[in-house]
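Below is one structure; the comments refer to it alone.
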Amino acid sequence: MSRRRSYDQYCSAARALDLVGDRWTLLIVRELLAGPRRYTDLHADLPGVSTDVLASRLKDMERDGLSSRRRLPPPGAAYVYELTSRGRELLPVLQALSIWGQGELDERRPTDALRAHWFALPLLRSLEALAGEGIVEVRLEEGDFHLHVGAEDGPVYGDGPAAGDPDARLVMDAGTCTALCRGELGMPDAVREGRVTVTGDGTLAKALREA
């Protein structure tokens with residue numbers, strides 16, 4: 001593997017950027033926080049990245065101990081990429097970046113791509129503030145995703161509906177979801193105002209209805 005480029009500065013921020021400062025790296029981490037992903041799935045959910053750049057970033061991340069690659073057993077027989085424990089430690093970094101970037105989520109531009117699960121990390125932060133743990137399914141017109149609230153290991157979210165019955169199911173429109181992600185609206189207020197519909201009998205569903 002090629003030598004990693006470095007700022008050559010004895011500074012923890014510089015050393016961190018040596019690993020994740022290249023374009024696309026943190027967005028690949030965002031996708032892998034959903035758990036193991038195939039190369040084709042990563043490429044589909046990172047519109048704009050070239051195949052060469054994606055392959056290069058994945059090799060860099062594997063070299064630097066942020067991710068690993070493994071082959072699925074038959075009948076899958078495909079390779080998947082997944083975060084190591086070191087890579088998963090970037091979750092609060094991405095959440096902090098999403099807070100910092102809230103003000104940049106103004107009107108959606110015609111060229112802006114959108115995947116429903118890109119709302120997952122900001123919403124996860126809102127739900128974790130209510131305490132509790134469990135699976136929360138979120139339904140938008142743009143698609144469904146689910147969150148693993150309070151998870152200490154493994155995926156923190158996933159694309160599509162939850163497997164089995166989630167602890168809570170939230171239905172909202174993209175405008176409400178954007179307002180929650182921008183910090184303009186709190187989850188309890190959104191539920192009380194009827195902008196988020198909560199169903200389910202789990203602890204999280206009850207906490208959301210009673211908040």
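Convention: chains lettered A, B, ... in structure tokens order; per-chain residue numbering from 1; ligands numbered from 1 as shown.
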Neighbouring residues of Leu130 of chain A were defined as those with any atom within 9 Å, considering only C-alpha atoms; residues of the same chain fewer than 5 positions away were excluded. Please report them as a count of residues only.
5
Neighbouring residues of Val156 of chain A were defined as those with any atom within 8 Å, considering only C-alpha atoms; residues of the same chain fewer than 5 positions away were excluded. Please report them as a ChimeraX atom specification.
/A:33-35,147-149,151
Could you pull out all residues of segment 35-170 of chain A with a DSSP call of strand (DSSP E or B) and give them as number ranges by chain?
A: 37-38, 67-71, 79-83, 134-140, 143-149, 157-159, 168-170
Using only C-alpha atoms, determine which residues lie at most 9 Å from Ile99 of chain A, disregarding the query and same-chain residues fewer than 5 positions distant; provide the list as a list in words.
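Residues meeting the cut-off are Leu94, Pro122, Cys181, Arg182 and Gly183 of chain A.
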Selection above as a file: N, CA and C atoms, as a tab-separated table (two decimals), in the first residue's frame:
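Output file again_23.tsv is given in full below:
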chain	number	residue	atom	x	y	z
A	94	LEU	N	-18.58	12.65	13.89
A	94	LEU	CA	-19.57	12.94	12.87
A	94	LEU	C	-20.79	13.64	13.46
A	122	PRO	N	-28.20	12.76	13.01
A	122	PRO	CA	-28.79	13.87	13.79
A	122	PRO	C	-30.00	13.43	14.61
A	181	CYS	N	-33.21	18.08	12.55
A	181	CYS	CA	-31.76	17.98	12.33
A	181	CYS	C	-31.07	19.33	12.45
A	182	ARG	N	-31.77	20.41	12.12
A	182	ARG	CA	-31.19	21.75	12.23
A	182	ARG	C	-31.27	22.30	13.64
A	183	GLY	N	-31.95	21.60	14.53
A	183	GLY	CA	-32.09	22.07	15.90
A	183	GLY	C	-33.16	23.13	16.08
Ranking A:Gly48, A:Gly21, A:Pro36, A:Gly202 by minimum distance to Ser67 of chain A and counting only C-alpha atoms, which one comes first?
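Closest to Ser67 of chain A of all the choices is A:Pro36.
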Residues near segment 68-79 of chain A, anyone? I mean within 10 Å using only C-alpha atoms, not counting same-chain ones fewer than 4 positions away, as a list in words.
Pro36, Arg37, Arg38, Tyr39, Leu58, Lys59, Met61, Glu62, Arg63, Asp64, Leu83, Thr84 and Gly87 of chain A
May I have the residues from that selection written out with N, CA and C atoms, as an mmCIF file, in the first residue's frame?
data_model
loop_
_atom_site.group_PDB
_atom_site.id
_atom_site.type_symbol
_atom_site.label_atom_id
_atom_site.label_comp_id
_atom_site.auth_asym_id
_atom_site.auth_seq_id
_atom_site.Cartn_x
_atom_site.Cartn_y
_atom_site.Cartn_z
ATOM 1 N N PRO A 36 -21.861 -3.586 8.076
ATOM 2 C CA PRO A 36 -21.126 -4.028 6.883
ATOM 3 C C PRO A 36 -21.840 -3.626 5.598
ATOM 4 N N ARG A 37 -21.071 -3.119 4.632
ATOM 5 C CA ARG A 37 -21.637 -2.692 3.345
ATOM 6 C C ARG A 37 -20.800 -3.235 2.206
ATOM 7 N N ARG A 38 -21.460 -3.624 1.134
ATOM 8 C CA ARG A 38 -20.758 -4.032 -0.071
ATOM 9 C C ARG A 38 -20.273 -2.791 -0.821
ATOM 10 N N TYR A 39 -19.251 -2.975 -1.628
ATOM 11 C CA TYR A 39 -18.699 -1.868 -2.405
ATOM 12 C C TYR A 39 -19.785 -1.218 -3.273
ATOM 13 N N LEU A 58 -11.050 3.330 0.605
ATOM 14 C CA LEU A 58 -11.274 2.105 1.367
ATOM 15 C C LEU A 58 -9.954 1.405 1.683
ATOM 16 N N LYS A 59 -9.033 1.424 0.736
ATOM 17 C CA LYS A 59 -7.713 0.840 0.990
ATOM 18 C C LYS A 59 -6.976 1.628 2.068
ATOM 19 N N MET A 61 -8.330 3.406 4.477
ATOM 20 C CA MET A 61 -8.978 3.171 5.761
ATOM 21 C C MET A 61 -8.601 1.805 6.332
ATOM 22 N N GLU A 62 -8.476 0.819 5.459
ATOM 23 C CA GLU A 62 -8.059 -0.501 5.926
ATOM 24 C C GLU A 62 -6.620 -0.465 6.429
ATOM 25 N N ARG A 63 -5.751 0.221 5.690
ATOM 26 C CA ARG A 63 -4.350 0.353 6.088
ATOM 27 C C ARG A 63 -4.212 1.059 7.432
ATOM 28 N N ASP A 64 -5.060 2.064 7.665
ATOM 29 C CA ASP A 64 -4.951 2.867 8.879
ATOM 30 C C ASP A 64 -5.749 2.298 10.048
ATOM 31 N N LEU A 83 -16.510 -1.115 9.828
ATOM 32 C CA LEU A 83 -15.640 -0.338 10.700
ATOM 33 C C LEU A 83 -15.010 -1.220 11.766
ATOM 34 N N THR A 84 -13.796 -0.908 12.124
ATOM 35 C CA THR A 84 -13.167 -1.486 13.308
ATOM 36 C C THR A 84 -13.645 -0.693 14.523
ATOM 37 N N GLY A 87 -12.500 2.766 14.092
ATOM 38 C CA GLY A 87 -13.315 3.532 13.162
ATOM 39 C C GLY A 87 -14.643 3.942 13.762
#
Once DSSP has gone over the backbone, tell me which residues of segment 60-120 of chain A are in helix (DSSP H, G or I), as a VMD selection string.
chain A and resid 60 to 63 85 to 88 91 to 100 102 to 104 116 to 120
Would you list the contacts of Thr197 of chain A as a VMD selection string, taking every protein, DNA or RNA residue within 7 Å and counting only C-alpha atoms, but skipping same-chain residues closer than 5 positions in sequence?
chain A and resid 170 to 172 191
Near Leu105 of chain A, counting only C-alpha atoms, which residues have an atom at most 12 Å away, once you skip same-chain residues fewer than 5 positions from it, shown as a compact mmCIF listing (two decimals) with C-alpha atoms, in the first residue's frame?
# COMPACT_ATOMS: atom_id res chain seq x y z
CA SER A 98 -23.58 17.53 12.03
CA ILE A 99 -24.29 19.95 14.90
CA TRP A 100 -21.73 22.40 13.56
CA ASP A 112 -28.40 18.05 -3.86
CA PHE A 119 -30.98 11.98 8.62
CA GLY A 175 -39.57 19.25 6.44
CA CYS A 177 -37.06 15.86 9.86
CA THR A 178 -34.93 18.73 8.53
CA ALA A 179 -36.14 21.04 11.31
CA LEU A 180 -35.20 18.40 13.89
CA CYS A 181 -31.76 17.98 12.33
CA ARG A 182 -31.19 21.75 12.23
CA GLY A 183 -32.09 22.07 15.90
CA GLU A 184 -35.05 24.34 15.13
What's the separation between atom CA of Arg109 of chain A and atom CA of Leu46 of chain A, in Å to one decimal place?
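Calculated distance between atom CA of Arg109 of chain A and atom CA of Leu46 of chain A is 17.0 Å.
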One decimal, in Å: what's the spacing between atom CA of Gly65 of chain A and atom CA of Leu90 of chain A?
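Calculated distance between atom CA of Gly65 of chain A and atom CA of Leu90 of chain A is 12.4 Å.
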Do you know which residues are at most 12 Å from Ile135 of chain A counting only C-alpha atoms, after dropping those on the same chain fewer than 6 positions away, and could you put them as a PDB file with N, CA and C atoms, in the first residue's frame?
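For reference, around08.pdb as written:
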ATOM      1  N   LEU A 124     -30.582  10.421  15.759  1.00  0.00           N
ATOM      2  CA  LEU A 124     -30.088   9.568  16.840  1.00  0.00           C
ATOM      3  C   LEU A 124     -29.708  10.417  18.046  1.00  0.00           C
ATOM      4  N   LEU A 127     -32.818  11.507  19.911  1.00  0.00           N
ATOM      5  CA  LEU A 127     -33.476  10.429  20.657  1.00  0.00           C
ATOM      6  C   LEU A 127     -32.659   9.992  21.864  1.00  0.00           C
ATOM      7  N   GLU A 128     -31.335   9.998  21.743  1.00  0.00           N
ATOM      8  CA  GLU A 128     -30.497   9.606  22.871  1.00  0.00           C
ATOM      9  C   GLU A 128     -30.643  10.576  24.035  1.00  0.00           C
ATOM     10  N   PHE A 145     -35.679   4.212   7.427  1.00  0.00           N
ATOM     11  CA  PHE A 145     -34.435   3.771   8.047  1.00  0.00           C
ATOM     12  C   PHE A 145     -34.732   3.485   9.508  1.00  0.00           C
ATOM     13  N   HIS A 146     -33.792   2.867  10.194  1.00  0.00           N
ATOM     14  CA  HIS A 146     -34.010   2.577  11.610  1.00  0.00           C
ATOM     15  C   HIS A 146     -32.752   2.897  12.400  1.00  0.00           C
ATOM     16  N   LEU A 147     -32.951   3.186  13.667  1.00  0.00           N
ATOM     17  CA  LEU A 147     -31.889   3.625  14.567  1.00  0.00           C
ATOM     18  C   LEU A 147     -31.737   2.648  15.721  1.00  0.00           C
ATOM     19  N   HIS A 148     -30.487   2.411  16.108  1.00  0.00           N
ATOM     20  CA  HIS A 148     -30.203   1.590  17.282  1.00  0.00           C
ATOM     21  C   HIS A 148     -29.846   2.547  18.423  1.00  0.00           C
ATOM     22  N   VAL A 149     -30.842   3.023  19.124  1.00  0.00           N
ATOM     23  CA  VAL A 149     -30.632   4.023  20.173  1.00  0.00           C
ATOM     24  C   VAL A 149     -29.962   3.370  21.376  1.00  0.00           C
ATOM     25  N   GLY A 150     -28.861   3.974  21.820  1.00  0.00           N
ATOM     26  CA  GLY A 150     -28.150   3.467  22.978  1.00  0.00           C
ATOM     27  C   GLY A 150     -27.231   2.304  22.688  1.00  0.00           C
ATOM     28  N   ALA A 151     -27.039   1.948  21.419  1.00  0.00           N
ATOM     29  CA  ALA A 151     -26.176   0.811  21.076  1.00  0.00           C
ATOM     30  C   ALA A 151     -24.720   1.140  21.395  1.00  0.00           C
ATOM     31  N   PRO A 155     -23.883  -1.812  14.533  1.00  0.00           N
ATOM     32  CA  PRO A 155     -24.438  -0.685  13.772  1.00  0.00           C
ATOM     33  C   PRO A 155     -25.214   0.270  14.667  1.00  0.00           C
ATOM     34  N   VAL A 156     -25.196   1.553  14.306  1.00  0.00           N
ATOM     35  CA  VAL A 156     -25.987   2.544  15.039  1.00  0.00           C
ATOM     36  C   VAL A 156     -27.248   2.916  14.268  1.00  0.00           C
ATOM     37  N   TYR A 157     -27.296   2.549  12.993  1.00  0.00           N
ATOM     38  CA  TYR A 157     -28.505   2.764  12.209  1.00  0.00           C
ATOM     39  C   TYR A 157     -28.489   1.784  11.041  1.00  0.00           C
ATOM     40  N   GLY A 158     -29.591   1.721  10.322  1.00  0.00           N
ATOM     41  CA  GLY A 158     -29.657   0.867   9.153  1.00  0.00           C
ATOM     42  C   GLY A 158     -30.637   1.425   8.155  1.00  0.00           C
ATOM     43  N   PRO A 161     -36.663  -0.569   6.649  1.00  0.00           N
ATOM     44  CA  PRO A 161     -37.393  -0.860   7.887  1.00  0.00           C
ATOM     45  C   PRO A 161     -36.590  -1.753   8.827  1.00  0.00           C
ATOM     46  N   ALA A 162     -36.938  -1.692  10.102  1.00  0.00           N
ATOM     47  CA  ALA A 162     -36.291  -2.555  11.087  1.00  0.00           C
ATOM     48  C   ALA A 162     -36.749  -3.990  10.899  1.00  0.00           C
ATOM     49  N   ALA A 163     -35.873  -4.920  11.231  1.00  0.00           N
ATOM     50  CA  ALA A 163     -36.254  -6.333  11.205  1.00  0.00           C
ATOM     51  C   ALA A 163     -37.108  -6.621  12.439  1.00  0.00           C
ATOM     52  N   GLY A 164     -38.282  -7.168  12.245  1.00  0.00           N
ATOM     53  CA  GLY A 164     -39.167  -7.414  13.375  1.00  0.00           C
ATOM     54  C   GLY A 164     -39.865  -6.134  13.808  1.00  0.00           C
ATOM     55  N   ASP A 165     -40.435  -6.178  14.995  1.00  0.00           N
ATOM     56  CA  ASP A 165     -41.165  -5.026  15.517  1.00  0.00           C
ATOM     57  C   ASP A 165     -40.211  -4.088  16.245  1.00  0.00           C
ATOM     58  N   PRO A 166     -40.119  -2.821  15.816  1.00  0.00           N
ATOM     59  CA  PRO A 166     -39.256  -1.863  16.519  1.00  0.00           C
ATOM     60  C   PRO A 166     -39.876  -1.453  17.847  1.00  0.00           C
ATOM     61  N   ASP A 167     -39.078  -0.874  18.721  1.00  0.00           N
ATOM     62  CA  ASP A 167     -39.592  -0.378  20.001  1.00  0.00           C
ATOM     63  C   ASP A 167     -40.465   0.849  19.800  1.00  0.00           C
ATOM     64  N   ALA A 168     -40.209   1.589  18.732  1.00  0.00           N
ATOM     65  CA  ALA A 168     -41.023   2.753  18.392  1.00  0.00           C
ATOM     66  C   ALA A 168     -40.949   2.966  16.887  1.00  0.00           C
ATOM     67  N   ARG A 169     -42.027   3.491  16.333  1.00  0.00           N
ATOM     68  CA  ARG A 169     -42.058   3.818  14.909  1.00  0.00           C
ATOM     69  C   ARG A 169     -42.471   5.287  14.771  1.00  0.00           C
ATOM     70  N   LEU A 170     -41.665   6.062  14.068  1.00  0.00           N
ATOM     71  CA  LEU A 170     -41.921   7.480  13.883  1.00  0.00           C
ATOM     72  C   LEU A 170     -42.239   7.759  12.424  1.00  0.00           C
ATOM     73  N   GLY A 200     -46.145   2.197  18.730  1.00  0.00           N
ATOM     74  CA  GLY A 200     -45.301   1.193  19.364  1.00  0.00           C
ATOM     75  C   GLY A 200     -45.544   1.136  20.858  1.00  0.00           C
ATOM     76  N   ASP A 201     -45.175   0.017  21.457  1.00  0.00           N
ATOM     77  CA  ASP A 201     -45.402  -0.193  22.889  1.00  0.00           C
ATOM     78  C   ASP A 201     -44.114  -0.251  23.691  1.00  0.00           C
ATOM     79  N   GLY A 202     -42.988  -0.003  23.060  1.00  0.00           N
ATOM     80  CA  GLY A 202     -41.717  -0.070  23.753  1.00  0.00           C
ATOM     81  C   GLY A 202     -41.473   1.127  24.662  1.00  0.00           C
ATOM     82  N   THR A 203     -40.418   1.031  25.459  1.00  0.00           N
ATOM     83  CA  THR A 203     -40.072   2.102  26.394  1.00  0.00           C
ATOM     84  C   THR A 203     -39.816   3.415  25.674  1.00  0.00           C
ATOM     85  N   LEU A 204     -39.156   3.350  24.536  1.00  0.00           N
ATOM     86  CA  LEU A 204     -38.866   4.578  23.786  1.00  0.00           C
ATOM     87  C   LEU A 204     -40.137   5.223  23.260  1.00  0.00           C
ATOM     88  N   ALA A 205     -41.076   4.431  22.787  1.00  0.00           N
ATOM     89  CA  ALA A 205     -42.340   4.984  22.297  1.00  0.00           C
ATOM     90  C   ALA A 205     -43.081   5.692  23.427  1.00  0.00           C
TER      91      ALA A 205
END
Grab the atom CA of Asp144 of chain A to atom CA of Gly160 of chain A distance for me, in Å with one decimal place.
4.7 Å
